[in-house]
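Below is model_39.cif, which holds mmCIF, N, CA and C atoms.
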data_structure
loop_
_atom_site.label_atom_id
_atom_site.label_comp_id
_atom_site.auth_asym_id
_atom_site.auth_seq_id
_atom_site.Cartn_x
_atom_site.Cartn_y
_atom_site.Cartn_z
N MET T 24 -85.20 67.66 56.66
CA MET T 24 -85.47 68.34 55.41
C MET T 24 -86.59 67.62 54.68
N GLU T 25 -87.59 68.36 54.23
CA GLU T 25 -88.64 67.80 53.39
C GLU T 25 -88.08 67.54 52.00
N ARG T 26 -88.56 66.50 51.36
CA ARG T 26 -88.10 66.14 50.01
C ARG T 26 -89.30 65.92 49.11
N VAL T 27 -89.11 66.14 47.82
CA VAL T 27 -90.18 65.84 46.88
C VAL T 27 -90.34 64.33 46.79
N LEU T 28 -91.53 63.88 46.41
CA LEU T 28 -91.83 62.46 46.35
C LEU T 28 -91.74 61.88 44.95
N GLY T 29 -91.80 62.73 43.94
CA GLY T 29 -91.77 62.26 42.56
C GLY T 29 -92.29 63.36 41.66
N ILE T 30 -92.36 63.06 40.39
CA ILE T 30 -92.89 64.01 39.42
C ILE T 30 -94.40 64.07 39.60
N GLY T 31 -94.95 65.23 39.80
CA GLY T 31 -96.38 65.39 40.00
C GLY T 31 -97.11 65.81 38.74
N GLY T 32 -96.38 66.28 37.76
CA GLY T 32 -97.01 66.70 36.51
C GLY T 32 -95.97 67.23 35.54
N TYR T 33 -96.36 67.30 34.31
CA TYR T 33 -95.52 67.89 33.27
C TYR T 33 -96.46 68.71 32.42
N PHE T 34 -96.19 69.99 32.26
CA PHE T 34 -97.11 70.90 31.60
C PHE T 34 -96.44 71.55 30.40
N MET T 35 -97.15 71.61 29.28
CA MET T 35 -96.61 72.17 28.04
C MET T 35 -97.60 73.16 27.44
N ARG T 36 -97.06 74.21 26.85
CA ARG T 36 -97.89 75.09 26.04
C ARG T 36 -98.11 74.39 24.70
N ALA T 37 -99.26 74.60 24.09
CA ALA T 37 -99.53 74.01 22.78
C ALA T 37 -100.45 74.92 21.98
N ALA T 38 -100.19 75.02 20.69
CA ALA T 38 -101.05 75.81 19.81
C ALA T 38 -102.44 75.17 19.75
N ASP T 39 -102.49 73.84 19.80
CA ASP T 39 -103.76 73.11 19.78
C ASP T 39 -103.70 72.04 20.87
N PRO T 40 -104.01 72.42 22.13
CA PRO T 40 -103.89 71.48 23.24
C PRO T 40 -104.69 70.19 23.06
N ALA T 41 -105.91 70.29 22.54
CA ALA T 41 -106.73 69.08 22.38
C ALA T 41 -106.09 68.12 21.39
N ALA T 42 -105.63 68.63 20.26
CA ALA T 42 -105.01 67.77 19.24
C ALA T 42 -103.72 67.16 19.76
N LEU T 43 -102.93 67.92 20.51
CA LEU T 43 -101.68 67.39 21.04
C LEU T 43 -101.96 66.29 22.07
N SER T 44 -102.98 66.46 22.90
CA SER T 44 -103.37 65.43 23.86
C SER T 44 -103.80 64.15 23.14
N VAL T 45 -104.53 64.30 22.05
CA VAL T 45 -104.94 63.14 21.25
C VAL T 45 -103.72 62.43 20.68
N TRP T 46 -102.71 63.18 20.20
CA TRP T 46 -101.50 62.57 19.65
C TRP T 46 -100.79 61.75 20.73
N TYR T 47 -100.64 62.30 21.93
CA TYR T 47 -99.99 61.57 23.01
C TYR T 47 -100.78 60.30 23.37
N ARG T 48 -102.09 60.39 23.34
CA ARG T 48 -102.92 59.21 23.62
C ARG T 48 -102.79 58.17 22.51
N ASP T 49 -102.97 58.59 21.27
CA ASP T 49 -103.01 57.65 20.16
C ASP T 49 -101.65 57.11 19.75
N CYS T 50 -100.61 57.91 19.86
CA CYS T 50 -99.28 57.47 19.43
C CYS T 50 -98.46 56.84 20.53
N LEU T 51 -98.60 57.34 21.75
CA LEU T 51 -97.78 56.83 22.85
C LEU T 51 -98.58 56.03 23.88
N GLY T 52 -99.90 56.02 23.73
CA GLY T 52 -100.73 55.26 24.66
C GLY T 52 -100.87 55.91 26.02
N LEU T 53 -100.66 57.21 26.09
CA LEU T 53 -100.75 57.94 27.35
C LEU T 53 -102.24 58.24 27.61
N ASP T 54 -102.88 57.36 28.36
CA ASP T 54 -104.31 57.45 28.63
C ASP T 54 -104.59 58.28 29.86
N ALA T 55 -104.69 59.58 29.68
CA ALA T 55 -104.99 60.48 30.80
C ALA T 55 -106.50 60.69 30.85
N ASP T 56 -107.00 60.96 32.06
CA ASP T 56 -108.43 61.23 32.19
C ASP T 56 -108.74 62.68 31.83
N ALA T 57 -109.96 63.11 32.02
CA ALA T 57 -110.38 64.46 31.64
C ALA T 57 -109.60 65.55 32.36
N ASN T 58 -109.02 65.24 33.51
CA ASN T 58 -108.22 66.20 34.26
C ASN T 58 -106.73 66.08 33.98
N GLY T 59 -106.36 65.19 33.06
CA GLY T 59 -104.96 64.99 32.73
C GLY T 59 -104.26 63.99 33.63
N LEU T 60 -104.98 63.33 34.54
CA LEU T 60 -104.37 62.38 35.46
C LEU T 60 -104.05 61.08 34.73
N TRP T 61 -102.80 60.65 34.83
CA TRP T 61 -102.31 59.43 34.18
C TRP T 61 -101.63 58.59 35.23
N GLN T 62 -102.05 57.35 35.37
CA GLN T 62 -101.45 56.42 36.32
C GLN T 62 -100.33 55.68 35.62
N GLN T 63 -99.10 56.07 35.91
CA GLN T 63 -97.96 55.43 35.25
C GLN T 63 -97.47 54.24 36.06
N GLU T 64 -96.73 53.37 35.39
CA GLU T 64 -96.14 52.23 36.07
C GLU T 64 -94.98 52.71 36.94
N ALA T 65 -94.76 52.01 38.04
CA ALA T 65 -93.62 52.34 38.91
C ALA T 65 -92.32 52.03 38.19
N GLY T 66 -91.32 52.82 38.44
CA GLY T 66 -90.03 52.59 37.84
C GLY T 66 -89.12 53.78 38.06
N PRO T 67 -87.90 53.69 37.55
CA PRO T 67 -86.94 54.76 37.79
C PRO T 67 -87.27 56.04 37.02
N THR T 68 -86.88 57.15 37.58
CA THR T 68 -86.98 58.45 36.93
C THR T 68 -85.62 59.12 37.04
N VAL T 69 -85.13 59.63 35.93
CA VAL T 69 -83.84 60.31 35.92
C VAL T 69 -84.08 61.82 35.97
N PHE T 70 -83.36 62.49 36.84
CA PHE T 70 -83.36 63.95 36.88
C PHE T 70 -81.94 64.37 36.56
N ALA T 71 -81.74 65.06 35.44
CA ALA T 71 -80.39 65.44 35.02
C ALA T 71 -80.42 66.84 34.42
N THR T 72 -79.34 67.56 34.62
CA THR T 72 -79.19 68.88 34.01
C THR T 72 -78.15 68.79 32.90
N PHE T 73 -78.27 69.67 31.92
CA PHE T 73 -77.38 69.68 30.76
C PHE T 73 -76.81 71.08 30.56
N GLU T 74 -75.68 71.15 29.92
CA GLU T 74 -75.08 72.44 29.56
C GLU T 74 -76.00 73.17 28.57
N PRO T 75 -75.98 74.50 28.56
CA PRO T 75 -76.89 75.25 27.68
C PRO T 75 -76.65 74.99 26.19
N GLU T 76 -75.45 74.58 25.82
CA GLU T 76 -75.12 74.36 24.41
C GLU T 76 -75.51 72.97 23.92
N THR T 77 -76.09 72.13 24.77
CA THR T 77 -76.37 70.75 24.38
C THR T 77 -77.22 70.67 23.11
N GLU T 78 -76.90 69.70 22.28
CA GLU T 78 -77.70 69.40 21.09
C GLU T 78 -78.64 68.23 21.39
N TYR T 79 -78.56 67.69 22.60
CA TYR T 79 -79.29 66.47 22.94
C TYR T 79 -80.80 66.63 22.84
N PHE T 80 -81.32 67.83 23.08
CA PHE T 80 -82.76 68.05 23.06
C PHE T 80 -83.27 68.32 21.65
N GLY T 81 -82.39 68.29 20.65
CA GLY T 81 -82.81 68.63 19.29
C GLY T 81 -82.65 70.12 19.11
N SER T 82 -83.74 70.84 19.05
CA SER T 82 -83.72 72.28 18.86
C SER T 82 -83.08 72.99 20.06
N ARG T 83 -82.24 73.97 19.78
CA ARG T 83 -81.61 74.75 20.87
C ARG T 83 -82.64 75.57 21.64
N THR T 84 -83.82 75.78 21.06
CA THR T 84 -84.85 76.55 21.76
C THR T 84 -85.63 75.70 22.76
N GLN T 85 -85.56 74.38 22.64
CA GLN T 85 -86.25 73.49 23.58
C GLN T 85 -85.46 73.46 24.88
N GLN T 86 -86.07 73.86 25.96
CA GLN T 86 -85.38 73.98 27.24
C GLN T 86 -85.43 72.72 28.11
N VAL T 87 -86.41 71.88 27.89
CA VAL T 87 -86.56 70.63 28.66
C VAL T 87 -86.95 69.52 27.69
N MET T 88 -86.70 68.28 28.10
CA MET T 88 -87.11 67.15 27.26
C MET T 88 -87.78 66.10 28.14
N LEU T 89 -88.93 65.67 27.71
CA LEU T 89 -89.68 64.62 28.38
C LEU T 89 -89.10 63.27 27.97
N ASN T 90 -88.94 62.38 28.94
CA ASN T 90 -88.42 61.04 28.69
C ASN T 90 -89.47 60.05 29.22
N PHE T 91 -89.89 59.13 28.35
CA PHE T 91 -90.83 58.09 28.76
C PHE T 91 -90.13 56.74 28.77
N ARG T 92 -90.37 55.94 29.81
CA ARG T 92 -89.90 54.56 29.83
C ARG T 92 -90.80 53.73 28.92
N VAL T 93 -90.22 52.80 28.18
CA VAL T 93 -90.99 51.89 27.34
C VAL T 93 -90.51 50.46 27.59
N ARG T 94 -91.37 49.51 27.34
CA ARG T 94 -91.03 48.10 27.54
C ARG T 94 -90.19 47.58 26.38
N ASP T 95 -90.54 47.95 25.12
CA ASP T 95 -89.87 47.45 23.93
C ASP T 95 -89.65 48.62 22.98
N LEU T 96 -88.44 49.16 22.97
CA LEU T 96 -88.14 50.34 22.18
C LEU T 96 -88.39 50.10 20.69
N ASP T 97 -87.93 48.96 20.16
CA ASP T 97 -88.11 48.70 18.73
C ASP T 97 -89.58 48.68 18.35
N ALA T 98 -90.41 48.02 19.16
CA ALA T 98 -91.85 47.96 18.88
C ALA T 98 -92.48 49.35 18.95
N MET T 99 -92.08 50.15 19.94
CA MET T 99 -92.64 51.50 20.07
C MET T 99 -92.25 52.36 18.88
N LEU T 100 -90.98 52.31 18.47
CA LEU T 100 -90.54 53.11 17.32
C LEU T 100 -91.24 52.67 16.04
N ALA T 101 -91.43 51.37 15.86
CA ALA T 101 -92.16 50.88 14.68
C ALA T 101 -93.61 51.35 14.71
N GLN T 102 -94.23 51.31 15.86
CA GLN T 102 -95.61 51.78 16.01
C GLN T 102 -95.72 53.26 15.65
N LEU T 103 -94.77 54.05 16.13
CA LEU T 103 -94.78 55.48 15.84
C LEU T 103 -94.57 55.74 14.34
N ARG T 104 -93.63 55.03 13.74
CA ARG T 104 -93.40 55.20 12.29
C ARG T 104 -94.64 54.84 11.50
N ALA T 105 -95.33 53.77 11.90
CA ALA T 105 -96.55 53.34 11.21
C ALA T 105 -97.64 54.39 11.29
N ARG T 106 -97.63 55.19 12.33
CA ARG T 106 -98.61 56.26 12.49
C ARG T 106 -98.15 57.56 11.82
N GLY T 107 -96.98 57.53 11.18
CA GLY T 107 -96.48 58.71 10.49
C GLY T 107 -95.78 59.72 11.37
N ALA T 108 -95.39 59.31 12.58
CA ALA T 108 -94.73 60.23 13.51
C ALA T 108 -93.30 60.51 13.04
N ASP T 109 -92.77 61.64 13.48
CA ASP T 109 -91.41 62.07 13.15
C ASP T 109 -90.44 61.39 14.10
N VAL T 110 -89.95 60.21 13.70
CA VAL T 110 -89.07 59.39 14.54
C VAL T 110 -87.63 59.54 14.04
N ALA T 111 -86.71 59.78 14.96
CA ALA T 111 -85.30 59.87 14.60
C ALA T 111 -84.82 58.52 14.09
N GLU T 112 -83.97 58.56 13.08
CA GLU T 112 -83.44 57.32 12.51
C GLU T 112 -82.50 56.61 13.48
N GLU T 113 -81.71 57.38 14.23
CA GLU T 113 -80.73 56.78 15.13
C GLU T 113 -81.36 56.39 16.46
N SER T 114 -80.73 55.43 17.10
CA SER T 114 -81.04 55.09 18.49
C SER T 114 -79.70 54.96 19.19
N GLN T 115 -79.74 54.83 20.50
CA GLN T 115 -78.49 54.79 21.27
C GLN T 115 -78.58 53.71 22.33
N ASP T 116 -77.50 52.96 22.49
CA ASP T 116 -77.38 51.97 23.55
C ASP T 116 -76.37 52.48 24.56
N MET T 117 -76.73 52.44 25.84
CA MET T 117 -75.79 52.79 26.91
C MET T 117 -75.70 51.58 27.84
N GLU T 118 -74.54 50.96 27.86
CA GLU T 118 -74.34 49.76 28.65
C GLU T 118 -74.73 50.00 30.12
N GLY T 119 -75.55 49.11 30.62
CA GLY T 119 -75.98 49.20 32.01
C GLY T 119 -77.11 50.19 32.25
N VAL T 120 -77.43 51.00 31.25
CA VAL T 120 -78.48 52.02 31.40
C VAL T 120 -79.70 51.64 30.56
N GLY T 121 -79.47 51.30 29.30
CA GLY T 121 -80.57 50.91 28.44
C GLY T 121 -80.43 51.45 27.03
N ARG T 122 -81.54 51.44 26.32
CA ARG T 122 -81.58 51.89 24.93
C ARG T 122 -82.48 53.12 24.82
N PHE T 123 -82.13 54.01 23.89
CA PHE T 123 -82.84 55.27 23.72
C PHE T 123 -83.22 55.50 22.26
N GLY T 124 -84.37 56.09 22.05
CA GLY T 124 -84.81 56.54 20.74
C GLY T 124 -85.57 57.84 20.93
N TRP T 125 -85.87 58.53 19.83
CA TRP T 125 -86.51 59.84 19.94
C TRP T 125 -87.61 60.01 18.92
N VAL T 126 -88.63 60.74 19.31
CA VAL T 126 -89.72 61.12 18.42
C VAL T 126 -90.01 62.59 18.70
N THR T 127 -90.46 63.30 17.68
CA THR T 127 -90.84 64.70 17.83
C THR T 127 -92.36 64.78 17.69
N ASP T 128 -93.01 65.39 18.67
CA ASP T 128 -94.47 65.48 18.62
C ASP T 128 -94.90 66.51 17.56
N PRO T 129 -96.19 66.59 17.25
CA PRO T 129 -96.66 67.49 16.18
C PRO T 129 -96.38 68.98 16.43
N GLU T 130 -96.06 69.36 17.67
CA GLU T 130 -95.76 70.76 17.95
C GLU T 130 -94.26 71.01 18.07
N GLY T 131 -93.45 70.01 17.71
CA GLY T 131 -92.01 70.20 17.64
C GLY T 131 -91.22 69.87 18.89
N HIS T 132 -91.86 69.26 19.90
CA HIS T 132 -91.15 68.86 21.12
C HIS T 132 -90.47 67.51 20.92
N ARG T 133 -89.16 67.46 21.08
CA ARG T 133 -88.43 66.19 20.99
C ARG T 133 -88.64 65.43 22.29
N ILE T 134 -89.00 64.16 22.17
CA ILE T 134 -89.29 63.29 23.32
C ILE T 134 -88.32 62.12 23.25
N GLU T 135 -87.77 61.76 24.40
CA GLU T 135 -86.89 60.61 24.47
C GLU T 135 -87.67 59.40 24.96
N LEU T 136 -87.43 58.26 24.34
CA LEU T 136 -88.02 56.99 24.76
C LEU T 136 -86.89 56.11 25.27
N TRP T 137 -87.09 55.53 26.44
CA TRP T 137 -86.03 54.80 27.13
C TRP T 137 -86.49 53.40 27.49
N GLN T 138 -85.78 52.41 26.99
CA GLN T 138 -85.98 51.03 27.42
C GLN T 138 -84.88 50.73 28.43
N PRO T 139 -85.20 50.75 29.74
CA PRO T 139 -84.17 50.54 30.75
C PRO T 139 -83.50 49.17 30.59
N ALA T 140 -82.24 49.11 30.98
CA ALA T 140 -81.48 47.84 30.92
C ALA T 140 -82.03 46.86 31.92
#

Please re-express this file's structure in structure tokens.
Amino acid sequence: MERVLGIGGYFMRAADPAALSVWYRDCLGLDADANGLWQQEAGPTVFATFEPETEYFGSRTQQVMLNFRVRDLDAMLAQLRARGADVAEESQDMEGVGRFGWVTDPEGHRIELWQPA
């Protein structure tokens, strides 16, 4: 059986694609080239499905949630707050898994930030 090798891309609709790309670059440090190619660090990727009633993604209309690994969750959340980003007040610790925090991008997409254990 052939298997997928990893995530090859993540695509989003945006009212202002250029501005949203700038936000991801300036706030999260996602340095993609002109074609959107971003060389990420090696590490774990979680693939999980959720019940349709989940509140975990924030808005019930959001069907998927992007999760980024971070080295230092507290530093990343402070950086985002300093830039005026919409950062959730709460964070979550999961023993053996890591720490989680959330930010909502300018177009309303809730993003999870994960500092692996």

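Straight-line separation from CA of Glu112 in chain T to CA of Thr127 in chain T: 11.7 Å.
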
So that all listed atoms of range 43-56 of chain T fit with 5 Å spare on each side, what axis-aligned box centre and edge lengths in Å, to one decimal, would you give as AutoDock Vina command-line options?
--center_x -103.3 --center_y 61.6 --center_z 25.8 --size_x 21.0 --size_y 22.7 --size_z 22.8

**Asked** Skipping near chain neighbours, those fewer than 5 positions away, what residues fall within 8 Å of Val87 in chain T using only N, CA and C atoms, listed as a list in words?
**Response** Phe80, His132, Arg133 and Ile134 of chain T

Keeping N, CA and C atoms for every residue in the selection just given, could you write it to a file as a CSV table (one decimal), in the coordinates of the input?
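The result, written out as result.csv:
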chain,number,residue,atom,x,y,z
T,80,PHE,N,-81.3,67.8,23.1
T,80,PHE,CA,-82.8,68.0,23.1
T,80,PHE,C,-83.3,68.3,21.6
T,132,HIS,N,-91.9,69.3,19.9
T,132,HIS,CA,-91.2,68.9,21.1
T,132,HIS,C,-90.5,67.5,20.9
T,133,ARG,N,-89.2,67.5,21.1
T,133,ARG,CA,-88.4,66.2,21.0
T,133,ARG,C,-88.6,65.4,22.3
T,134,ILE,N,-89.0,64.2,22.2
T,134,ILE,CA,-89.3,63.3,23.3
T,134,ILE,C,-88.3,62.1,23.2

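Coordinates place CA of Ala38 in chain T at a distance of 16.3 Å from CA of Thr84 in chain T.
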
**Request:** Work out how far apart atom C of Thr77 in chain T and CA of Asp39 in chain T are and give it in Å to one decimal.
**Result:**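 Computing the Euclidean distance for atom C of Thr77 in chain T and CA of Asp39 in chain T yields 26.9 Å.
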
**Complete:** Residue with the minimum atom-to-atom distance to Asp97 in chain T, picked from T:Pro40, T:Tyr79, T:Val69, T:Trp137 with only C-alpha atoms counted, is T:Trp137

**Prompt:** Counting only C-alpha atoms, which of T:Pro67, T:Leu60, T:Phe73, T:Phe34 gets nearest to Ala140 in chain T?
**Reply:**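 Ranked by minimum distance to Ala140 in chain T, first place goes to T:Pro67.
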
**Residues of chain T in helix (DSSP H, G or I), written as a VMD selection string** = chain T and resid 40 to 51 96 to 105

Residue members of the PyMOL selection byres ((chain T and resi 128) around 8) in the file shown, as an mmCIF file with N, CA and C atoms, keeping the file's coordinate frame:
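Wrote it out as result-v1.cif, contents follow:
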data_model
loop_
_atom_site.group_PDB
_atom_site.id
_atom_site.type_symbol
_atom_site.label_atom_id
_atom_site.label_comp_id
_atom_site.auth_asym_id
_atom_site.auth_seq_id
_atom_site.Cartn_x
_atom_site.Cartn_y
_atom_site.Cartn_z
ATOM 1 N N LEU T 43 -102.930 67.920 20.510
ATOM 2 C CA LEU T 43 -101.680 67.390 21.040
ATOM 3 C C LEU T 43 -101.960 66.290 22.070
ATOM 4 N N TRP T 46 -102.710 63.180 20.200
ATOM 5 C CA TRP T 46 -101.500 62.570 19.650
ATOM 6 C C TRP T 46 -100.790 61.750 20.730
ATOM 7 N N TYR T 47 -100.640 62.300 21.930
ATOM 8 C CA TYR T 47 -99.990 61.570 23.010
ATOM 9 C C TYR T 47 -100.780 60.300 23.370
ATOM 10 N N ALA T 108 -95.390 59.310 12.580
ATOM 11 C CA ALA T 108 -94.730 60.230 13.510
ATOM 12 C C ALA T 108 -93.300 60.510 13.040
ATOM 13 N N ASP T 109 -92.770 61.640 13.480
ATOM 14 C CA ASP T 109 -91.410 62.070 13.150
ATOM 15 C C ASP T 109 -90.440 61.390 14.100
ATOM 16 N N VAL T 110 -89.950 60.210 13.700
ATOM 17 C CA VAL T 110 -89.070 59.390 14.540
ATOM 18 C C VAL T 110 -87.630 59.540 14.040
ATOM 19 N N TRP T 125 -85.870 58.530 19.830
ATOM 20 C CA TRP T 125 -86.510 59.840 19.940
ATOM 21 C C TRP T 125 -87.610 60.010 18.920
ATOM 22 N N VAL T 126 -88.630 60.740 19.310
ATOM 23 C CA VAL T 126 -89.720 61.120 18.420
ATOM 24 C C VAL T 126 -90.010 62.590 18.700
ATOM 25 N N THR T 127 -90.460 63.300 17.680
ATOM 26 C CA THR T 127 -90.840 64.700 17.830
ATOM 27 C C THR T 127 -92.360 64.780 17.690
ATOM 28 N N PRO T 129 -96.190 66.590 17.250
ATOM 29 C CA PRO T 129 -96.660 67.490 16.180
ATOM 30 C C PRO T 129 -96.380 68.980 16.430
ATOM 31 N N GLU T 130 -96.060 69.360 17.670
ATOM 32 C CA GLU T 130 -95.760 70.760 17.950
ATOM 33 C C GLU T 130 -94.260 71.010 18.070
ATOM 34 N N GLY T 131 -93.450 70.010 17.710
ATOM 35 C CA GLY T 131 -92.010 70.200 17.640
ATOM 36 C C GLY T 131 -91.220 69.870 18.890
ATOM 37 N N HIS T 132 -91.860 69.260 19.900
ATOM 38 C CA HIS T 132 -91.150 68.860 21.120
ATOM 39 C C HIS T 132 -90.470 67.510 20.920
ATOM 40 N N ARG T 133 -89.160 67.460 21.080
ATOM 41 C CA ARG T 133 -88.430 66.190 20.990
ATOM 42 C C ARG T 133 -88.640 65.430 22.290
ATOM 43 N N ILE T 134 -89.000 64.160 22.170
ATOM 44 C CA ILE T 134 -89.290 63.290 23.320
ATOM 45 C C ILE T 134 -88.320 62.120 23.250
#

**Prompt:** Restricting the calculation to only C-alpha atoms, which member of T:Ser82, T:Ala98, T:Ser114, T:Gln63 is positioned closest to Gly29 in chain T?
**Reply:**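 When distances to Gly29 in chain T are compared using only C-alpha atoms, the smallest one comes from T:Gln63.
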
**Request:** List every residue of range 48-111 of chain T that DSSP, applied to the backbone of this structure, places in strand (DSSP E or B), and write the result as a list in words.
**Result:**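 Answer for range 48-111 of chain T, restricted to strand (DSSP E or B): Leu89, Asn90, Phe91, Arg92, Asp109 and Val110 of chain T.
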